[in-house]
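The structure file upload.txt is reproduced below (compact mmCIF, C-alpha atoms).
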# COMPACT_ATOMS: atom_id res chain seq x y z
CA MET F 1 48.05 -63.95 91.22
CA LYS F 2 47.29 -60.42 92.38
CA ARG F 3 49.80 -57.86 91.14
CA ILE F 4 51.10 -55.58 93.87
CA THR F 5 53.62 -53.57 91.89
CA LEU F 6 53.40 -50.72 89.39
CA TYR F 7 55.40 -52.73 86.85
CA VAL F 8 53.59 -53.30 83.54
CA GLU F 9 54.33 -56.61 81.82
CA GLN F 10 55.26 -55.69 78.24
CA ASP F 11 57.71 -57.34 75.85
CA THR F 12 59.34 -54.14 74.58
CA TRP F 13 62.87 -52.83 74.27
CA LEU F 14 62.28 -50.75 77.40
CA THR F 15 61.46 -53.72 79.63
CA ARG F 16 64.37 -55.69 78.16
CA LEU F 17 66.87 -53.04 79.22
CA HIS F 18 68.84 -53.80 82.36
CA PRO F 19 67.46 -52.05 85.49
CA PHE F 20 70.79 -50.29 86.02
CA SER F 21 70.51 -48.72 82.56
CA LYS F 22 67.18 -47.18 83.54
CA LEU F 23 68.60 -46.03 86.87
CA PHE F 24 71.30 -44.28 84.88
CA TYR F 25 68.58 -42.64 82.78
CA ILE F 26 67.04 -41.12 85.92
CA LEU F 27 70.43 -39.61 86.80
CA THR F 28 70.74 -38.31 83.24
CA ALA F 29 67.26 -36.77 83.24
CA VAL F 30 68.08 -34.88 86.43
CA ALA F 31 71.69 -33.99 85.54
CA VAL F 32 71.22 -32.65 82.00
CA PRO F 33 68.96 -29.66 82.89
CA LEU F 34 70.93 -28.91 86.05
CA ALA F 35 74.25 -28.98 84.22
CA GLY F 36 73.01 -27.09 81.16
CA GLY F 37 70.94 -24.56 83.08
CA ALA F 38 68.68 -23.86 80.08
CA LEU F 39 64.91 -24.16 80.14
CA TRP F 40 64.81 -25.95 76.78
CA MET F 41 66.82 -28.83 78.25
CA TYR F 42 63.92 -29.65 80.58
CA GLY F 43 61.71 -29.84 77.50
CA LEU F 44 64.26 -32.10 75.78
CA MET F 45 64.35 -34.61 78.65
CA ILE F 46 60.56 -34.51 79.03
CA ALA F 47 60.20 -35.27 75.30
CA ILE F 48 62.70 -38.16 75.58
CA SER F 49 60.82 -39.61 78.57
CA LEU F 50 57.52 -39.38 76.69
CA CYS F 51 59.08 -41.15 73.68
CA PHE F 52 60.34 -43.93 75.97
CA LEU F 53 56.92 -44.31 77.59
CA ILE F 54 55.11 -44.38 74.25
CA SER F 55 57.52 -46.88 72.67
CA GLY F 56 57.41 -48.95 75.87
CA LYS F 57 53.58 -49.08 75.63
CA VAL F 58 53.08 -47.73 79.16
CA ILE F 59 52.02 -44.16 78.38
CA GLY F 60 48.43 -44.94 79.41
CA ARG F 61 49.52 -45.54 83.00
CA VAL F 62 51.24 -42.13 83.12
CA LEU F 63 48.41 -39.92 81.84
CA PRO F 64 46.78 -39.49 85.31
CA LEU F 65 50.21 -38.58 86.71
CA ILE F 66 50.71 -35.97 83.98
CA ALA F 67 47.26 -34.50 84.66
CA PHE F 68 48.03 -34.31 88.39
CA SER F 69 51.42 -32.67 87.75
CA PHE F 70 49.78 -30.00 85.58
CA THR F 71 47.52 -29.15 88.52
CA ILE F 72 50.62 -28.55 90.65
CA ILE F 73 52.32 -26.57 87.87
CA LEU F 74 49.25 -24.34 87.41
CA THR F 75 49.16 -23.64 91.16
CA VAL F 76 52.87 -22.76 91.20
CA CYS F 77 52.42 -20.46 88.18
CA LEU F 78 49.55 -18.62 89.87
CA ILE F 79 51.49 -18.10 93.09
CA HIS F 80 54.79 -16.98 91.57
CA GLY F 81 53.24 -15.12 88.66
CA LEU F 82 51.36 -12.94 91.14
CA PHE F 83 53.47 -12.78 94.29
CA ASN F 84 57.12 -13.59 93.51
CA ARG F 85 59.38 -11.07 95.24
CA ASN F 86 61.43 -10.58 92.05
CA ASN F 87 58.42 -9.62 89.92
CA HIS F 88 59.11 -6.47 87.94
CA ASP F 89 58.07 -6.70 84.28
CA LEU F 90 54.30 -6.96 83.78
CA LEU F 91 53.53 -9.70 81.24
CA PHE F 92 49.71 -9.55 81.09
CA GLN F 93 46.73 -8.66 83.24
CA ALA F 94 43.53 -10.64 83.77
CA GLY F 95 41.08 -8.31 85.48
CA PRO F 96 42.57 -7.30 88.84
CA LEU F 97 45.27 -10.02 88.61
CA LYS F 98 48.66 -8.97 87.29
CA PHE F 99 51.06 -11.66 86.09
CA TYR F 100 54.76 -10.85 85.86
CA ARG F 101 57.41 -12.28 83.58
CA GLU F 102 59.97 -13.10 86.29
CA GLY F 103 57.54 -15.07 88.43
CA LEU F 104 56.11 -17.06 85.53
CA LEU F 105 59.57 -18.00 84.24
CA TYR F 106 60.57 -19.12 87.73
CA ALA F 107 57.36 -21.13 88.08
CA LEU F 108 57.83 -22.65 84.62
CA ARG F 109 61.30 -23.85 85.57
CA ILE F 110 59.95 -25.45 88.76
CA GLY F 111 57.06 -27.06 86.89
CA CYS F 112 59.29 -28.47 84.15
CA ASN F 113 61.64 -29.85 86.81
CA ILE F 114 58.74 -31.59 88.57
CA LEU F 115 57.34 -33.05 85.34
CA ASN F 116 60.80 -34.13 84.19
CA MET F 117 61.53 -36.07 87.38
CA LEU F 118 58.04 -37.62 87.50
CA LEU F 119 58.32 -38.92 83.93
CA ALA F 120 61.89 -40.17 84.42
CA PHE F 121 60.87 -42.13 87.51
CA ALA F 122 57.78 -43.39 85.65
CA VAL F 123 60.04 -44.82 82.94
CA PHE F 124 61.92 -46.73 85.63
CA VAL F 125 59.03 -47.84 87.84
CA LEU F 126 56.72 -49.00 85.03
CA SER F 127 59.38 -50.98 83.17
CA VAL F 128 61.38 -52.62 85.99
CA ARG F 129 60.19 -55.65 87.90
CA PRO F 130 61.10 -54.99 91.57
CA ALA F 131 62.21 -58.59 92.11
CA ASP F 132 64.71 -58.29 89.22
CA LEU F 133 66.08 -55.02 90.58
CA VAL F 134 66.53 -56.48 94.07
CA GLU F 135 68.22 -59.59 92.67
CA ASP F 136 70.60 -57.50 90.56
CA LEU F 137 71.50 -55.35 93.57
CA GLU F 138 72.20 -58.40 95.70
CA GLN F 139 74.37 -59.90 92.96
CA LEU F 140 76.28 -56.63 92.94
CA GLY F 141 77.02 -57.09 96.64
CA PHE F 142 74.29 -55.10 98.39
CA SER F 143 72.81 -56.43 101.60
CA PRO F 144 69.54 -58.43 101.31
CA ARG F 145 68.08 -56.03 103.87
CA PHE F 146 68.74 -53.14 101.49
CA GLY F 147 67.11 -55.11 98.68
CA TYR F 148 64.07 -55.83 100.81
CA MET F 149 63.76 -52.13 101.66
CA ILE F 150 63.83 -51.23 97.94
CA ASN F 151 61.26 -53.91 97.16
CA SER F 152 58.96 -52.63 99.92
CA VAL F 153 59.11 -49.08 98.54
CA PHE F 154 57.86 -50.33 95.16
CA GLN F 155 55.10 -52.43 96.69
CA ILE F 156 53.72 -50.25 99.49
CA ILE F 157 51.55 -47.94 97.34
CA PRO F 158 49.87 -50.58 95.12
CA GLN F 159 49.47 -52.89 98.13
CA MET F 160 47.68 -50.21 100.17
CA MET F 161 45.51 -49.33 97.16
CA GLY F 162 44.55 -52.99 96.80
CA THR F 163 43.77 -53.25 100.52
CA MET F 164 41.68 -50.07 100.35
CA ASN F 165 39.65 -51.43 97.43
CA ILE F 166 39.01 -54.73 99.22
CA ILE F 167 37.87 -52.94 102.39
CA MET F 168 35.66 -50.54 100.39
CA ASP F 169 33.99 -53.50 98.64
CA ALA F 170 33.40 -55.14 102.03
CA GLN F 171 31.89 -51.94 103.43
CA ARG F 172 29.64 -51.54 100.39
CA SER F 173 28.36 -55.08 100.86
CA ARG F 174 27.34 -54.04 104.39
CA GLY F 175 25.32 -51.10 103.06
CA MET F 176 27.79 -48.23 103.51
CA GLU F 177 27.53 -45.41 100.99
CA THR F 178 30.96 -44.73 99.49
CA GLU F 179 29.92 -42.74 96.41
CA GLY F 180 28.18 -39.43 96.09
CA ASN F 181 29.02 -35.86 97.02
CA LEU F 182 32.12 -34.76 98.92
CA ILE F 183 30.47 -34.99 102.36
CA THR F 184 29.29 -38.57 101.72
CA ARG F 185 32.74 -39.64 100.59
CA ALA F 186 34.37 -37.98 103.63
CA LYS F 187 32.01 -39.84 105.97
CA ALA F 188 32.83 -43.13 104.22
CA PHE F 189 36.58 -42.47 104.36
CA ILE F 190 36.82 -42.24 108.15
CA PRO F 191 35.69 -45.87 108.86
CA LEU F 192 38.23 -47.09 106.29
CA ILE F 193 41.30 -45.69 108.07
CA SER F 194 41.39 -48.14 110.98
CA PRO F 195 41.05 -51.34 108.87
CA VAL F 196 43.72 -50.17 106.40
CA VAL F 197 46.22 -49.35 109.17
CA SER F 198 45.48 -52.59 111.03
CA SER F 199 45.84 -54.62 107.84
CA SER F 200 49.19 -52.94 107.05
CA LEU F 201 50.54 -53.76 110.53
CA ILE F 202 49.38 -57.39 110.26
CA ASN F 203 50.99 -57.74 106.81
CA THR F 204 54.24 -56.30 108.16
CA ARG F 205 54.31 -58.83 111.00
CA GLU F 206 53.52 -61.72 108.67
CA ARG F 207 56.28 -60.66 106.28
CA ALA F 208 58.80 -60.47 109.12
CA ILE F 209 57.91 -64.02 110.23
CA ALA F 210 58.05 -65.35 106.66
CA LEU F 211 61.46 -63.76 106.05
CA GLU F 212 62.95 -65.25 109.20
CA VAL F 213 61.56 -68.70 108.36
CA ARG F 214 63.25 -68.48 104.95
CA GLY F 215 66.61 -67.62 106.50
CA PHE F 216 66.59 -63.92 105.65
CA GLY F 217 69.00 -63.14 108.50
CA SER F 218 71.42 -65.92 107.61
CA GLY F 219 75.02 -64.91 107.01
CA GLU F 220 75.55 -67.56 104.32
CA LYS F 221 76.23 -66.38 100.79
CA LYS F 222 73.16 -66.58 98.57
CA THR F 223 73.04 -68.35 95.23
CA PHE F 224 70.95 -67.20 92.27
CA LEU F 225 69.04 -69.16 89.67
CA ARG F 226 70.13 -66.81 86.90
CA GLU F 227 72.57 -63.96 86.57
CA ARG F 228 71.54 -60.95 84.50
CA ARG F 229 74.42 -59.22 82.80
CA MET F 230 74.42 -55.95 80.93
CA GLU F 231 74.35 -56.49 77.16
CA LYS F 232 75.46 -54.40 74.20
CA ARG F 233 72.15 -52.53 74.05
CA ASP F 234 72.59 -51.50 77.69
CA HIS F 235 76.11 -50.22 77.10
CA GLY F 236 74.94 -48.34 74.00
CA PHE F 237 72.02 -46.82 75.90
CA MET F 238 74.23 -45.69 78.77
CA ALA F 239 76.78 -44.27 76.32
CA CYS F 240 74.07 -42.14 74.71
CA MET F 241 72.92 -40.89 78.12
CA ALA F 242 76.50 -40.06 79.13
CA ALA F 243 76.92 -38.17 75.84
CA LEU F 244 73.83 -36.08 76.67
CA VAL F 245 75.33 -35.13 80.04
CA ILE F 246 78.68 -34.22 78.48
CA ILE F 247 76.99 -32.12 75.78
CA SER F 248 74.97 -30.22 78.39
CA VAL F 249 78.12 -29.50 80.43
CA VAL F 250 80.01 -28.31 77.33
CA TRP F 251 77.05 -26.15 76.29
CA ARG F 252 77.01 -24.55 79.77
CA ILE F 253 80.75 -23.85 79.67
CA ILE F 254 80.55 -22.28 76.20
CA HIS F 255 77.49 -20.25 77.22
CA VAL F 256 79.25 -18.93 80.35
CA ILE F 257 82.46 -18.04 78.51
CA TYR F 258 80.79 -16.32 75.56
Would you mind writing the structure in this file as structure tokens?
Amino acid sequence: MKRITLYVEQDTWLTRLHPFSKLFYILTAVAVPLAGGALWMYGLMIAISLCFLISGKVIGRVLPLIAFSFTIILTVCLIHGLFNRNNHDLLFQAGPLKFYREGLLYALRIGCNILNMLLAFAVFVLSVRPADLVEDLEQLGFSPRFGYMINSVFQIIPQMMGTMNIIMDAQRSRGMETEGNLITRAKAFIPLISPVVSSSLINTRERAIALEVRGFGSGEKKTFLRERRMEKRDHGFMACMAALVIISVVWRIIHVIY
């Protein structure tokens, strides 16, 4: 069966954690640097996310994302290092370009924040099966419509990528050139837009019909084949994350006072 999610099937401690535990980790990864206010806390959470991804055997899926984020970070560093309005102290000069300490520190904070959030969401997305997350949310009392919306968010990107690949293969079989220089690829991209959009609209209509046939709009209470409950490892994991947040808040208070 064709996989249309970003979830990676691995039997590791990360995939065995409850989805809510990994949602709590996202909140922790965002809250710790914001509460602590120190640049090294971004590095701490980035290192923790990388350790989770490596131990969860999904780091290979994140490497392109890390490379793309470094492109954004480099761009931000160039802009703020040269043109930030608070630039005052010259850090170094490369020919006619002058880079200032204030702008680079500001850009570094933005870049670390971007990388931190990307890796934290990668931990969640790559180790949580969307169907399990939706089922857990519905068991918690959320509307099935809300669950379907969450499931669609996880599936839309890989589904469109799969549709794009199928259409590109079909166009290649008809003799269209889809590889080569930038101009050739741009010419090949334009004929792909209409089929992709049309296919997405057709899939949306078919899903709506299928959901109604299966009683999606019924007001009856749903039953579940299995109920996932949080175990001791989930409580321990969440306790560690809560401790990190508390430590960052205490560190900020002590730093402000002294």
### Message
Rounded to one decimal, what separation in Å do you get between CA of Glu231 in chain F and CA of Ala29 in chain F?
### Response
21.8 Å
### Query
Of the candidates F:Pro64, F:Pro96, F:Gly103, F:Gly36, which shows the shortest atom-to-atom distance to Leu82 in chain F, using all atoms listed in the file?
F:Gly103
Please report, as JSON lines, each residue of range 93-162 of chain F lying at most 9 Å from range 70-78 of chain F, together with the nearest pair of atoms and the separation in Å rounded to one decimal; use all atoms listed in the file, and order rows by chain and ascending residue number.
{"residue": "F:Phe99", "atom": "CA", "partner": "F:Leu78", "partner_atom": "CA", "distance": 8.1}
{"residue": "F:Gly103", "atom": "CA", "partner": "F:Cys77", "partner_atom": "CA", "distance": 7.4}
{"residue": "F:Leu104", "atom": "CA", "partner": "F:Cys77", "partner_atom": "CA", "distance": 5.7}
{"residue": "F:Leu105", "atom": "CA", "partner": "F:Cys77", "partner_atom": "CA", "distance": 8.5}
{"residue": "F:Tyr106", "atom": "CA", "partner": "F:Cys77", "partner_atom": "CA", "distance": 8.3}
{"residue": "F:Ala107", "atom": "CA", "partner": "F:Cys77", "partner_atom": "CA", "distance": 5.0}
{"residue": "F:Leu108", "atom": "CA", "partner": "F:Cys77", "partner_atom": "CA", "distance": 6.8}
{"residue": "F:Ile110", "atom": "CA", "partner": "F:Ile73", "partner_atom": "CA", "distance": 7.8}
{"residue": "F:Gly111", "atom": "CA", "partner": "F:Ile73", "partner_atom": "CA", "distance": 4.9}
{"residue": "F:Cys112", "atom": "CA", "partner": "F:Ile73", "partner_atom": "CA", "distance": 8.1}
{"residue": "F:Ile114", "atom": "CA", "partner": "F:Ile73", "partner_atom": "CA", "distance": 8.2}
{"residue": "F:Leu115", "atom": "CA", "partner": "F:Phe70", "partner_atom": "CA", "distance": 8.2}
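Each of F:Asn116, F:Pro130, F:Phe24, F:Leu6 was compared to Asp234 in chain F using only C-alpha atoms, and F:Phe24 turns out to be the nearest.
By all atoms listed in the file, and with residues fewer than 3 positions from Val256 in chain F along its chain excluded, the set lying at most 12 Å from it is Ala35, Gly36, Gly37, Ala38, Val249, Val250, Trp251, Arg252 and Ile253 of chain F.
Here CA of Ala208 in chain F is placed at a distance of 10.9 Å from CA of Tyr148 in chain F.
The shortest atom-to-atom distance to Arg172 in chain F, with all atoms listed in the file taken into account, belongs to F:Leu192 out of F:Met160, F:Leu192, F:Glu135, F:Ala210.
Proximity of F:Met230, F:Ile209, F:Ile54, F:Ile202 to Val123 in chain F, computed with all atoms listed in the file, is greatest for F:Ile54.
Checking F:His88, F:Arg229, F:His18, F:His255 one by one against Phe124 in chain F, counting only C-alpha atoms, you find the shortest gap at F:His18.
Using only C-alpha atoms for every distance, the candidate list F:Met164, F:Leu97, F:Val128, F:Met241 yields F:Val128 as the residue closest to Asp11 in chain F.
Computed from the coordinates, the CA of Ser21 in chain F to CA of Arg109 in chain F distance equals 26.7 Å.
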Just write range 231-243 of chain F with all heavy atoms, as a PDB file, in the first residue's frame, taken from the block above.
ATOM      1  N   GLU F 231       1.682   5.317  29.445  1.00  0.00           N
ATOM      2  CA  GLU F 231       2.343   4.373  30.339  1.00  0.00           C
ATOM      3  C   GLU F 231       3.376   5.093  31.201  1.00  0.00           C
ATOM      4  O   GLU F 231       3.533   6.316  31.126  1.00  0.00           O
ATOM      5  CB  GLU F 231       2.992   3.262  29.509  1.00  0.00           C
ATOM      6  CG  GLU F 231       1.993   2.498  28.648  1.00  0.00           C
ATOM      7  CD  GLU F 231       2.664   1.422  27.823  1.00  0.00           C
ATOM      8  OE1 GLU F 231       3.898   1.211  27.976  1.00  0.00           O
ATOM      9  OE2 GLU F 231       1.961   0.785  27.010  1.00  0.00           O
ATOM     10  N   LYS F 232       4.108   4.317  31.983  1.00  0.00           N
ATOM     11  CA  LYS F 232       5.086   4.898  32.901  1.00  0.00           C
ATOM     12  C   LYS F 232       6.174   5.652  32.148  1.00  0.00           C
ATOM     13  O   LYS F 232       6.642   6.696  32.596  1.00  0.00           O
ATOM     14  CB  LYS F 232       5.714   3.801  33.763  1.00  0.00           C
ATOM     15  CG  LYS F 232       4.752   3.224  34.793  1.00  0.00           C
ATOM     16  CD  LYS F 232       5.467   2.191  35.668  1.00  0.00           C
ATOM     17  CE  LYS F 232       4.523   1.635  36.722  1.00  0.00           C
ATOM     18  NZ  LYS F 232       5.195   0.623  37.586  1.00  0.00           N
ATOM     19  N   ARG F 233       6.601   5.101  30.987  1.00  0.00           N
ATOM     20  CA  ARG F 233       7.651   5.780  30.230  1.00  0.00           C
ATOM     21  C   ARG F 233       7.177   7.142  29.725  1.00  0.00           C
ATOM     22  O   ARG F 233       7.968   8.078  29.625  1.00  0.00           O
ATOM     23  CB  ARG F 233       8.114   4.905  29.074  1.00  0.00           C
ATOM     24  CG  ARG F 233       7.045   4.560  28.041  1.00  0.00           C
ATOM     25  CD  ARG F 233       7.646   3.887  26.815  1.00  0.00           C
ATOM     26  NE  ARG F 233       6.612   3.451  25.881  1.00  0.00           N
ATOM     27  CZ  ARG F 233       6.147   2.226  25.811  1.00  0.00           C
ATOM     28  NH1 ARG F 233       6.616   1.298  26.628  1.00  0.00           N
ATOM     29  NH2 ARG F 233       5.216   1.904  24.934  1.00  0.00           N
ATOM     30  N   ASP F 234       5.883   7.246  29.403  1.00  0.00           N
ATOM     31  CA  ASP F 234       5.343   8.532  28.963  1.00  0.00           C
ATOM     32  C   ASP F 234       5.318   9.538  30.107  1.00  0.00           C
ATOM     33  O   ASP F 234       5.687  10.707  29.922  1.00  0.00           O
ATOM     34  CB  ASP F 234       3.925   8.345  28.410  1.00  0.00           C
ATOM     35  CG  ASP F 234       3.891   7.435  27.198  1.00  0.00           C
ATOM     36  OD1 ASP F 234       4.514   7.785  26.184  1.00  0.00           O
ATOM     37  OD2 ASP F 234       3.254   6.373  27.270  1.00  0.00           O
ATOM     38  N   HIS F 235       4.900   9.100  31.268  1.00  0.00           N
ATOM     39  CA  HIS F 235       4.872   9.996  32.430  1.00  0.00           C
ATOM     40  C   HIS F 235       6.289  10.423  32.806  1.00  0.00           C
ATOM     41  O   HIS F 235       6.527  11.587  33.156  1.00  0.00           O
ATOM     42  CB  HIS F 235       4.188   9.310  33.611  1.00  0.00           C
ATOM     43  CG  HIS F 235       2.730   9.045  33.390  1.00  0.00           C
ATOM     44  ND1 HIS F 235       1.804  10.056  33.219  1.00  0.00           N
ATOM     45  CD2 HIS F 235       2.037   7.879  33.305  1.00  0.00           C
ATOM     46  CE1 HIS F 235       0.601   9.527  33.047  1.00  0.00           C
ATOM     47  NE2 HIS F 235       0.714   8.212  33.089  1.00  0.00           N
ATOM     48  N   GLY F 236       7.248   9.484  32.744  1.00  0.00           N
ATOM     49  CA  GLY F 236       8.629   9.842  33.044  1.00  0.00           C
ATOM     50  C   GLY F 236       9.197  10.829  32.036  1.00  0.00           C
ATOM     51  O   GLY F 236       9.907  11.781  32.406  1.00  0.00           O
ATOM     52  N   PHE F 237       8.893  10.606  30.763  1.00  0.00           N
ATOM     53  CA  PHE F 237       9.354  11.515  29.711  1.00  0.00           C
ATOM     54  C   PHE F 237       8.795  12.917  29.907  1.00  0.00           C
ATOM     55  O   PHE F 237       9.528  13.916  29.838  1.00  0.00           O
ATOM     56  CB  PHE F 237       8.938  10.956  28.349  1.00  0.00           C
ATOM     57  CG  PHE F 237       9.359  11.795  27.179  1.00  0.00           C
ATOM     58  CD1 PHE F 237      10.633  11.692  26.651  1.00  0.00           C
ATOM     59  CD2 PHE F 237       8.476  12.703  26.595  1.00  0.00           C
ATOM     60  CE1 PHE F 237      11.031  12.465  25.573  1.00  0.00           C
ATOM     61  CE2 PHE F 237       8.861  13.476  25.521  1.00  0.00           C
ATOM     62  CZ  PHE F 237      10.137  13.361  25.005  1.00  0.00           C
ATOM     63  N   MET F 238       7.496  13.006  30.173  1.00  0.00           N
ATOM     64  CA  MET F 238       6.867  14.312  30.363  1.00  0.00           C
ATOM     65  C   MET F 238       7.369  14.996  31.635  1.00  0.00           C
ATOM     66  O   MET F 238       7.505  16.220  31.673  1.00  0.00           O
ATOM     67  CB  MET F 238       5.353  14.155  30.393  1.00  0.00           C
ATOM     68  CG  MET F 238       4.762  13.685  29.071  1.00  0.00           C
ATOM     69  SD  MET F 238       2.973  13.453  29.104  1.00  0.00           S
ATOM     70  CE  MET F 238       2.422  15.154  29.239  1.00  0.00           C
ATOM     71  N   ALA F 239       7.687  14.207  32.660  1.00  0.00           N
ATOM     72  CA  ALA F 239       8.239  14.787  33.884  1.00  0.00           C
ATOM     73  C   ALA F 239       9.610  15.411  33.616  1.00  0.00           C
ATOM     74  O   ALA F 239       9.919  16.506  34.122  1.00  0.00           O
ATOM     75  CB  ALA F 239       8.344  13.717  34.966  1.00  0.00           C
ATOM     76  N   CYS F 240      10.426  14.734  32.817  1.00  0.00           N
ATOM     77  CA  CYS F 240      11.740  15.290  32.464  1.00  0.00           C
ATOM     78  C   CYS F 240      11.591  16.583  31.664  1.00  0.00           C
ATOM     79  O   CYS F 240      12.336  17.552  31.894  1.00  0.00           O
ATOM     80  CB  CYS F 240      12.534  14.269  31.671  1.00  0.00           C
ATOM     81  SG  CYS F 240      13.041  12.805  32.602  1.00  0.00           S
ATOM     82  N   MET F 241      10.643  16.609  30.727  1.00  0.00           N
ATOM     83  CA  MET F 241      10.429  17.817  29.934  1.00  0.00           C
ATOM     84  C   MET F 241       9.926  18.975  30.805  1.00  0.00           C
ATOM     85  O   MET F 241      10.352  20.125  30.655  1.00  0.00           O
ATOM     86  CB  MET F 241       9.419  17.536  28.814  1.00  0.00           C
ATOM     87  CG  MET F 241       9.889  16.513  27.782  1.00  0.00           C
ATOM     88  SD  MET F 241      11.422  16.995  26.929  1.00  0.00           S
ATOM     89  CE  MET F 241      12.605  15.901  27.746  1.00  0.00           C
ATOM     90  N   ALA F 242       9.016  18.656  31.736  1.00  0.00           N
ATOM     91  CA  ALA F 242       8.522  19.693  32.647  1.00  0.00           C
ATOM     92  C   ALA F 242       9.655  20.222  33.525  1.00  0.00           C
ATOM     93  O   ALA F 242       9.717  21.424  33.824  1.00  0.00           O
ATOM     94  CB  ALA F 242       7.389  19.131  33.511  1.00  0.00           C
ATOM     95  N   ALA F 243      10.565  19.327  33.938  1.00  0.00           N
ATOM     96  CA  ALA F 243      11.711  19.759  34.744  1.00  0.00           C
ATOM     97  C   ALA F 243      12.595  20.716  33.961  1.00  0.00           C
ATOM     98  O   ALA F 243      13.120  21.697  34.517  1.00  0.00           O
ATOM     99  CB  ALA F 243      12.506  18.539  35.202  1.00  0.00           C
TER     100      ALA F 243
END
